[in-house]
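Encoded as structure tokens, the structure appears first; notes follow it.
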Amino acid sequence: MTKAADTLLAATRANAPCPPVRSLLGEGDIEAAYAVQRTNVERGVAAGRRIVGRKIGLTSPAVQAQLGVDQPDFGTLFADMAVPDGGLVAAGRLLQPKVEAEVALVLGAELPHQDCTVVDVLRATDFALPALEIVDSRIAGWDIGIVDTVADNASSGLYVLGGTPVPLTGLDLRGVRMTMTRAGEPVSEGTGADCLRGPLNAAAWLASTLARMGDPLLAGDVVLTGALGPMVAAAPGDRFEARISQLGRITVEFASEGEEL
């Protein structure tokens, strides 16, 4: 496990992709993959990075079938991964970025229960925000299986949050509709129901899973609940905008080569 963690960390520091790490951990050994993820998260904290929440991945049945799994996965969000709404991502900051639109929840209370329910999530959530997750992979060519993506912090990169909080009262997160455009052209569509049959279900799964691991979601945590539609590859010069009904719009741009921030 140490070699896998070292390989992924070296790829991050060198900003150069590495081969898959599943051969170092064993096919399907998700427990070992989470141990690798935890090792590099702890290294990040020791280096001064601040944890601000979690992200959920693999919420789409189609993607689960592609990777041969029957459950989502999760990764850790750090403060230095945040990009402002309308912000510019420097060329070369990420290796092979892709963009997906999501619902973000911001918690006002801890979720300590191993059998967390949707009602628990509703009561603990302060507000929702529209979000863009910019996923990335340290694995060359996105040649990943479930073990690779879990070990690689669930293929985390950066994230963008909207700035207008929306309380959950009267909000139908399962029924929200999302359209994401690139340079004004639609490239991804979906609904809240496409995210594990609803973002609240995804959040309850995450809360239960983390509580069983002894590392529960805390007040103030940001939770990216999972993609509402297909992720789309990003290239220098691209501008993405997502509109999520009931929540609002959110944008991000990718700087062209040589463009100053």
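Residues are referred to by chain and number: the chain letter is A, B, ... according to the order shown in the structure tokens, the number counts from 1 in that chain, and ligands are numbered separately from 1 in the order shown.
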Using only C-alpha atoms, which residues sit within 7 Å of Gly198 (chain A) once same-chain residues fewer than 5 positions away are excluded, as a PDB file with C-alpha atoms, in the first residue's frame?
```pdb
ATOM      1  CA  LEU A 173     -33.445  18.000  -5.090  1.00  0.00           C
ATOM      2  CA  ARG A 174     -34.536  14.789  -6.802  1.00  0.00           C
ATOM      3  CA  GLY A 192     -31.308  14.998  -9.422  1.00  0.00           C
ATOM      4  CA  ALA A 193     -32.743  11.500  -9.752  1.00  0.00           C
TER       5      ALA A 193
END
```
Output as CSV one row per residue of region 79-105 of chain A within 12 Å of region 51-58 of chain A: the closest atom pair and its distance in Å to one decimal place, counting only C-alpha atoms, sorted by chain and residue number ascending.
```
residue,atom,partner,partner_atom,distance
A:Ala79,CA,A:Val52,CA,5.8
A:Asp80,CA,A:Ile51,CA,9.0
A:Met81,CA,A:Val52,CA,9.6
A:Ala82,CA,A:Val52,CA,9.7
A:Glu100,CA,A:Gly57,CA,10.8
A:Glu102,CA,A:Ile56,CA,10.0
A:Val103,CA,A:Lys55,CA,10.6
A:Ala104,CA,A:Lys55,CA,9.0
A:Leu105,CA,A:Gly53,CA,9.8
```
Original post:
If you run DSSP on the backbone, which residues of region 23-250 of chain A are alpha helix (DSSP H), as a ChimeraX atom specification?
Top reply: /A:23-25,30-46,61-67,118-124,146-151,199-212
Please produce a file of the residues just selected, as a short mmCIF file (atom, residue, chain, number, x, y, z; two decimals), in the first residue's frame, where the atoms kept are N, CA and C atoms.
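Saved the output as result.cif:
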```cif
data_model
loop_
_atom_site.label_atom_id
_atom_site.label_comp_id
_atom_site.auth_asym_id
_atom_site.auth_seq_id
_atom_site.Cartn_x
_atom_site.Cartn_y
_atom_site.Cartn_z
N SER A 23 -2.44 -2.99 -9.67
CA SER A 23 -1.57 -4.16 -9.58
C SER A 23 -0.78 -4.19 -8.28
N LEU A 24 -0.65 -3.05 -7.63
CA LEU A 24 0.06 -2.97 -6.35
C LEU A 24 -0.85 -3.30 -5.18
N LEU A 25 -2.17 -3.31 -5.41
CA LEU A 25 -3.12 -3.47 -4.32
C LEU A 25 -3.97 -4.71 -4.44
N ILE A 30 -10.96 -2.83 -2.34
CA ILE A 30 -11.37 -1.46 -2.08
C ILE A 30 -10.87 -0.99 -0.71
N GLU A 31 -10.84 -1.90 0.26
CA GLU A 31 -10.35 -1.53 1.59
C GLU A 31 -8.91 -1.04 1.52
N ALA A 32 -8.06 -1.75 0.75
CA ALA A 32 -6.67 -1.32 0.60
C ALA A 32 -6.59 0.02 -0.13
N ALA A 33 -7.48 0.22 -1.11
CA ALA A 33 -7.49 1.48 -1.86
C ALA A 33 -7.82 2.66 -0.95
N TYR A 34 -8.80 2.47 -0.04
CA TYR A 34 -9.13 3.54 0.89
C TYR A 34 -7.97 3.79 1.87
N ALA A 35 -7.24 2.75 2.20
CA ALA A 35 -6.08 2.94 3.07
C ALA A 35 -5.02 3.80 2.37
N VAL A 36 -4.85 3.60 1.07
CA VAL A 36 -3.92 4.43 0.30
C VAL A 36 -4.41 5.87 0.27
N GLN A 37 -5.71 6.04 -0.02
CA GLN A 37 -6.28 7.39 -0.03
C GLN A 37 -6.05 8.08 1.31
N ARG A 38 -6.32 7.36 2.40
CA ARG A 38 -6.18 7.93 3.74
C ARG A 38 -4.73 8.34 4.02
N THR A 39 -3.79 7.52 3.56
CA THR A 39 -2.37 7.84 3.76
C THR A 39 -2.02 9.18 3.13
N ASN A 40 -2.46 9.40 1.89
CA ASN A 40 -2.11 10.65 1.22
C ASN A 40 -2.92 11.84 1.73
N VAL A 41 -4.13 11.59 2.23
CA VAL A 41 -4.88 12.67 2.88
C VAL A 41 -4.15 13.10 4.15
N GLU A 42 -3.70 12.14 4.93
CA GLU A 42 -2.96 12.47 6.15
C GLU A 42 -1.66 13.20 5.83
N ARG A 43 -1.02 12.83 4.75
CA ARG A 43 0.20 13.55 4.33
C ARG A 43 -0.15 14.99 3.96
N GLY A 44 -1.28 15.18 3.31
CA GLY A 44 -1.70 16.53 2.96
C GLY A 44 -1.96 17.38 4.19
N VAL A 45 -2.65 16.81 5.16
CA VAL A 45 -2.94 17.53 6.40
C VAL A 45 -1.64 17.88 7.12
N ALA A 46 -0.70 16.93 7.16
CA ALA A 46 0.59 17.18 7.82
C ALA A 46 1.36 18.29 7.13
N PRO A 61 -25.54 4.63 -12.20
CA PRO A 61 -25.56 3.18 -12.45
C PRO A 61 -24.74 2.78 -13.67
N ALA A 62 -24.71 3.64 -14.69
CA ALA A 62 -23.95 3.31 -15.90
C ALA A 62 -22.45 3.25 -15.61
N VAL A 63 -21.97 4.21 -14.82
CA VAL A 63 -20.55 4.22 -14.48
C VAL A 63 -20.21 3.06 -13.54
N GLN A 64 -21.11 2.76 -12.60
CA GLN A 64 -20.89 1.60 -11.72
C GLN A 64 -20.76 0.32 -12.53
N ALA A 65 -21.64 0.15 -13.52
CA ALA A 65 -21.58 -1.05 -14.37
C ALA A 65 -20.27 -1.10 -15.15
N GLN A 66 -19.81 0.07 -15.61
CA GLN A 66 -18.57 0.14 -16.38
C GLN A 66 -17.37 -0.33 -15.56
N LEU A 67 -17.38 0.01 -14.26
CA LEU A 67 -16.25 -0.35 -13.41
C LEU A 67 -16.48 -1.63 -12.62
N VAL A 118 -32.29 9.94 5.19
CA VAL A 118 -32.50 11.19 4.46
C VAL A 118 -33.00 12.28 5.41
N VAL A 119 -33.84 11.91 6.36
CA VAL A 119 -34.32 12.90 7.34
C VAL A 119 -33.16 13.45 8.15
N ASP A 120 -32.22 12.60 8.54
CA ASP A 120 -31.04 13.08 9.26
C ASP A 120 -30.28 14.10 8.42
N VAL A 121 -30.12 13.81 7.13
CA VAL A 121 -29.41 14.73 6.23
C VAL A 121 -30.16 16.05 6.12
N LEU A 122 -31.47 15.97 5.95
CA LEU A 122 -32.28 17.19 5.84
C LEU A 122 -32.11 18.07 7.08
N ARG A 123 -32.15 17.46 8.24
CA ARG A 123 -32.07 18.22 9.50
C ARG A 123 -30.68 18.81 9.70
N ALA A 124 -29.65 18.14 9.19
CA ALA A 124 -28.28 18.58 9.41
C ALA A 124 -27.79 19.59 8.38
N ILE A 146 -12.00 0.56 -10.12
CA ILE A 146 -12.48 1.06 -8.83
C ILE A 146 -11.33 1.25 -7.85
N VAL A 147 -10.37 0.34 -7.84
CA VAL A 147 -9.24 0.45 -6.90
C VAL A 147 -8.40 1.68 -7.21
N ASP A 148 -8.17 1.94 -8.52
CA ASP A 148 -7.36 3.10 -8.89
C ASP A 148 -8.01 4.41 -8.48
N THR A 149 -9.31 4.55 -8.78
CA THR A 149 -9.96 5.83 -8.49
C THR A 149 -10.10 6.06 -6.99
N VAL A 150 -10.42 5.02 -6.22
CA VAL A 150 -10.51 5.20 -4.77
C VAL A 150 -9.16 5.59 -4.19
N ALA A 151 -8.11 4.90 -4.57
CA ALA A 151 -6.77 5.21 -4.06
C ALA A 151 -6.37 6.63 -4.42
N PRO A 199 -29.82 13.35 -4.68
CA PRO A 199 -28.64 13.78 -3.92
C PRO A 199 -28.72 13.51 -2.42
N LEU A 200 -29.92 13.54 -1.85
CA LEU A 200 -30.04 13.27 -0.41
C LEU A 200 -29.72 11.81 -0.10
N ASN A 201 -30.09 10.90 -1.01
CA ASN A 201 -29.73 9.49 -0.84
C ASN A 201 -28.21 9.32 -0.85
N ALA A 202 -27.57 10.04 -1.79
CA ALA A 202 -26.11 9.96 -1.87
C ALA A 202 -25.46 10.47 -0.59
N ALA A 203 -25.97 11.57 -0.07
CA ALA A 203 -25.40 12.13 1.16
C ALA A 203 -25.62 11.21 2.35
N ALA A 204 -26.78 10.55 2.41
CA ALA A 204 -27.04 9.61 3.51
C ALA A 204 -26.10 8.42 3.42
N TRP A 205 -25.84 7.93 2.20
CA TRP A 205 -24.88 6.83 2.03
C TRP A 205 -23.49 7.25 2.53
N LEU A 206 -23.06 8.45 2.14
CA LEU A 206 -21.74 8.92 2.56
C LEU A 206 -21.66 9.06 4.07
N ALA A 207 -22.67 9.67 4.67
CA ALA A 207 -22.66 9.88 6.12
C ALA A 207 -22.58 8.55 6.86
N SER A 208 -23.37 7.57 6.43
CA SER A 208 -23.35 6.25 7.07
C SER A 208 -21.99 5.59 6.93
N THR A 209 -21.43 5.66 5.72
CA THR A 209 -20.14 5.02 5.44
C THR A 209 -19.04 5.62 6.29
N LEU A 210 -18.99 6.95 6.35
CA LEU A 210 -17.94 7.61 7.13
C LEU A 210 -18.12 7.37 8.62
N ALA A 211 -19.36 7.33 9.10
CA ALA A 211 -19.59 7.04 10.51
C ALA A 211 -19.09 5.65 10.88
N ARG A 212 -19.33 4.68 9.98
CA ARG A 212 -18.82 3.32 10.25
C ARG A 212 -17.30 3.28 10.28
#
```
**OP:** For CA of Gly86 (chain A) and CA of Ile250 (chain A), quote the distance in Å rounded to one decimal.
**Re:**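 Value for the CA of Gly86 (chain A)-CA of Ile250 (chain A) distance: 7.0 Å.
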Subject >> Residue among A:Asp221, A:Asp215, A:Glu253, A:Glu133 lying closest to Arg182 (chain A), counting only C-alpha atoms >> reply: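 Counting only C-alpha atoms, the residue closest to Arg182 (chain A) is A:Glu253.
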**OP:** Quote the spacing between CA of Leu107 (chain A) and CA of Leu218 (chain A) in Å to one decimal place.
**Re:** 7.1 Å
**OP:** Write down as a ChimeraX atom specification the residues belonging to region 43-248 of chain A that are assigned strand (DSSP E or B) by DSSP computed on the backbone.
**Re:** /A:51-57,73-78,82-83,87-89,98-107,111,125-135,139,158-161,166,177-182,185-191,217,222-227,232-233,239-244,248
Output file for the residues above (C-alpha atoms, as a PDB file, in the first residue's frame):
```pdb
ATOM      1  CA  ILE A  51     -10.000  19.465   4.952  1.00  0.00           C
ATOM      2  CA  VAL A  52     -13.326  21.174   4.179  1.00  0.00           C
ATOM      3  CA  GLY A  53     -15.559  18.264   3.167  1.00  0.00           C
ATOM      4  CA  ARG A  54     -16.063  15.212   0.984  1.00  0.00           C
ATOM      5  CA  LYS A  55     -17.066  14.317  -2.544  1.00  0.00           C
ATOM      6  CA  ILE A  56     -19.123  11.370  -3.691  1.00  0.00           C
ATOM      7  CA  GLY A  57     -18.324   9.567  -6.939  1.00  0.00           C
ATOM      8  CA  ASP A  73     -17.061   5.917  -3.595  1.00  0.00           C
ATOM      9  CA  PHE A  74     -15.834   9.054  -1.847  1.00  0.00           C
ATOM     10  CA  GLY A  75     -12.856  11.358  -1.626  1.00  0.00           C
ATOM     11  CA  THR A  76     -11.675  14.284   0.499  1.00  0.00           C
ATOM     12  CA  LEU A  77     -12.029  17.976  -0.353  1.00  0.00           C
ATOM     13  CA  PHE A  78      -9.290  20.412   0.671  1.00  0.00           C
ATOM     14  CA  ALA A  82     -11.726  25.510  -4.333  1.00  0.00           C
ATOM     15  CA  VAL A  83     -12.089  27.741  -7.406  1.00  0.00           C
ATOM     16  CA  GLY A  87     -12.882  31.707 -11.846  1.00  0.00           C
ATOM     17  CA  LEU A  88     -10.028  30.741 -14.132  1.00  0.00           C
ATOM     18  CA  VAL A  89      -8.120  27.453 -13.837  1.00  0.00           C
ATOM     19  CA  LYS A  98     -13.133  16.693 -16.829  1.00  0.00           C
ATOM     20  CA  VAL A  99     -16.114  18.736 -15.617  1.00  0.00           C
ATOM     21  CA  GLU A 100     -19.418  17.608 -14.123  1.00  0.00           C
ATOM     22  CA  ALA A 101     -22.296  19.496 -12.510  1.00  0.00           C
ATOM     23  CA  GLU A 102     -23.540  18.583  -9.045  1.00  0.00           C
ATOM     24  CA  VAL A 103     -25.592  19.610  -6.042  1.00  0.00           C
ATOM     25  CA  ALA A 104     -23.489  20.635  -3.044  1.00  0.00           C
ATOM     26  CA  LEU A 105     -24.764  20.469   0.525  1.00  0.00           C
ATOM     27  CA  VAL A 106     -23.251  22.504   3.364  1.00  0.00           C
ATOM     28  CA  LEU A 107     -23.822  20.964   6.781  1.00  0.00           C
ATOM     29  CA  LEU A 111     -23.911  13.281  11.031  1.00  0.00           C
ATOM     30  CA  THR A 125     -28.032  20.587   6.172  1.00  0.00           C
ATOM     31  CA  ASP A 126     -27.844  24.373   6.343  1.00  0.00           C
ATOM     32  CA  PHE A 127     -28.253  24.979   2.603  1.00  0.00           C
ATOM     33  CA  ALA A 128     -27.592  23.739  -0.916  1.00  0.00           C
ATOM     34  CA  LEU A 129     -25.486  25.278  -3.693  1.00  0.00           C
ATOM     35  CA  PRO A 130     -24.940  24.572  -7.377  1.00  0.00           C
ATOM     36  CA  ALA A 131     -21.489  23.102  -7.938  1.00  0.00           C
ATOM     37  CA  LEU A 132     -19.047  22.093 -10.633  1.00  0.00           C
ATOM     38  CA  GLU A 133     -16.565  19.363  -9.861  1.00  0.00           C
ATOM     39  CA  ILE A 134     -13.428  19.323 -11.986  1.00  0.00           C
ATOM     40  CA  VAL A 135     -12.322  15.725 -11.697  1.00  0.00           C
ATOM     41  CA  ILE A 139      -3.506   7.611 -13.695  1.00  0.00           C
ATOM     42  CA  LEU A 158     -10.886  21.030  -8.058  1.00  0.00           C
ATOM     43  CA  TYR A 159     -14.411  22.260  -7.357  1.00  0.00           C
ATOM     44  CA  VAL A 160     -16.503  25.392  -7.839  1.00  0.00           C
ATOM     45  CA  LEU A 161     -19.387  26.417  -5.561  1.00  0.00           C
ATOM     46  CA  VAL A 166     -30.625  27.892  -1.073  1.00  0.00           C
ATOM     47  CA  ARG A 177     -32.799  19.610 -13.878  1.00  0.00           C
ATOM     48  CA  MET A 178     -29.261  20.357 -15.001  1.00  0.00           C
ATOM     49  CA  THR A 179     -27.881  21.586 -18.307  1.00  0.00           C
ATOM     50  CA  MET A 180     -24.159  22.203 -18.757  1.00  0.00           C
ATOM     51  CA  THR A 181     -22.741  24.061 -21.752  1.00  0.00           C
ATOM     52  CA  ARG A 182     -19.243  24.496 -23.153  1.00  0.00           C
ATOM     53  CA  GLU A 185     -23.221  24.525 -26.602  1.00  0.00           C
ATOM     54  CA  PRO A 186     -25.006  21.903 -24.470  1.00  0.00           C
ATOM     55  CA  VAL A 187     -22.655  19.064 -23.509  1.00  0.00           C
ATOM     56  CA  SER A 188     -24.303  17.406 -20.477  1.00  0.00           C
ATOM     57  CA  GLU A 189     -27.827  17.088 -19.094  1.00  0.00           C
ATOM     58  CA  GLY A 190     -29.425  15.263 -16.199  1.00  0.00           C
ATOM     59  CA  THR A 191     -31.651  15.416 -13.150  1.00  0.00           C
ATOM     60  CA  LEU A 217     -19.232  14.275   8.498  1.00  0.00           C
ATOM     61  CA  VAL A 222     -19.147  20.679   2.119  1.00  0.00           C
ATOM     62  CA  VAL A 223     -20.573  17.571   0.453  1.00  0.00           C
ATOM     63  CA  LEU A 224     -20.437  17.236  -3.324  1.00  0.00           C
ATOM     64  CA  THR A 225     -23.216  14.715  -3.824  1.00  0.00           C
ATOM     65  CA  GLY A 226     -22.319  13.358  -7.266  1.00  0.00           C
ATOM     66  CA  ALA A 227     -22.731  14.125 -10.946  1.00  0.00           C
ATOM     67  CA  VAL A 232     -17.006  16.317 -20.104  1.00  0.00           C
ATOM     68  CA  ALA A 233     -13.308  16.671 -20.909  1.00  0.00           C
ATOM     69  CA  ARG A 239     -15.668  27.923 -20.626  1.00  0.00           C
ATOM     70  CA  PHE A 240     -18.312  25.827 -18.861  1.00  0.00           C
ATOM     71  CA  GLU A 241     -21.630  26.979 -17.446  1.00  0.00           C
ATOM     72  CA  ALA A 242     -24.108  24.808 -15.575  1.00  0.00           C
ATOM     73  CA  ARG A 243     -27.698  25.736 -14.805  1.00  0.00           C
ATOM     74  CA  ILE A 244     -29.448  23.718 -12.131  1.00  0.00           C
ATOM     75  CA  GLY A 248     -28.991  28.729 -10.073  1.00  0.00           C
TER      76      GLY A 248
END
```
**OP:** Could you give me, as an MDAnalysis selection string, the residues within 7 Å of Ala140 (chain A), counting only C-alpha atoms and dropping anything in the same chain fewer than 2 positions from it?
**Re:** chainID A and resid 17:19 138 142:143
Could you write those residues out with C-alpha atoms, as a tab-separated table (two decimals), in the first residue's frame?
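Dumped to part_16.tsv:
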```
chain	number	residue	atom	x	y	z
A	17	PRO	CA	0.61	10.82	-14.81
A	18	CYS	CA	1.57	7.39	-13.53
A	19	PRO	CA	0.53	3.82	-14.43
A	138	ARG	CA	-3.15	10.86	-11.72
A	142	TRP	CA	-7.86	7.60	-17.25
A	143	ASP	CA	-7.04	3.88	-17.32
```
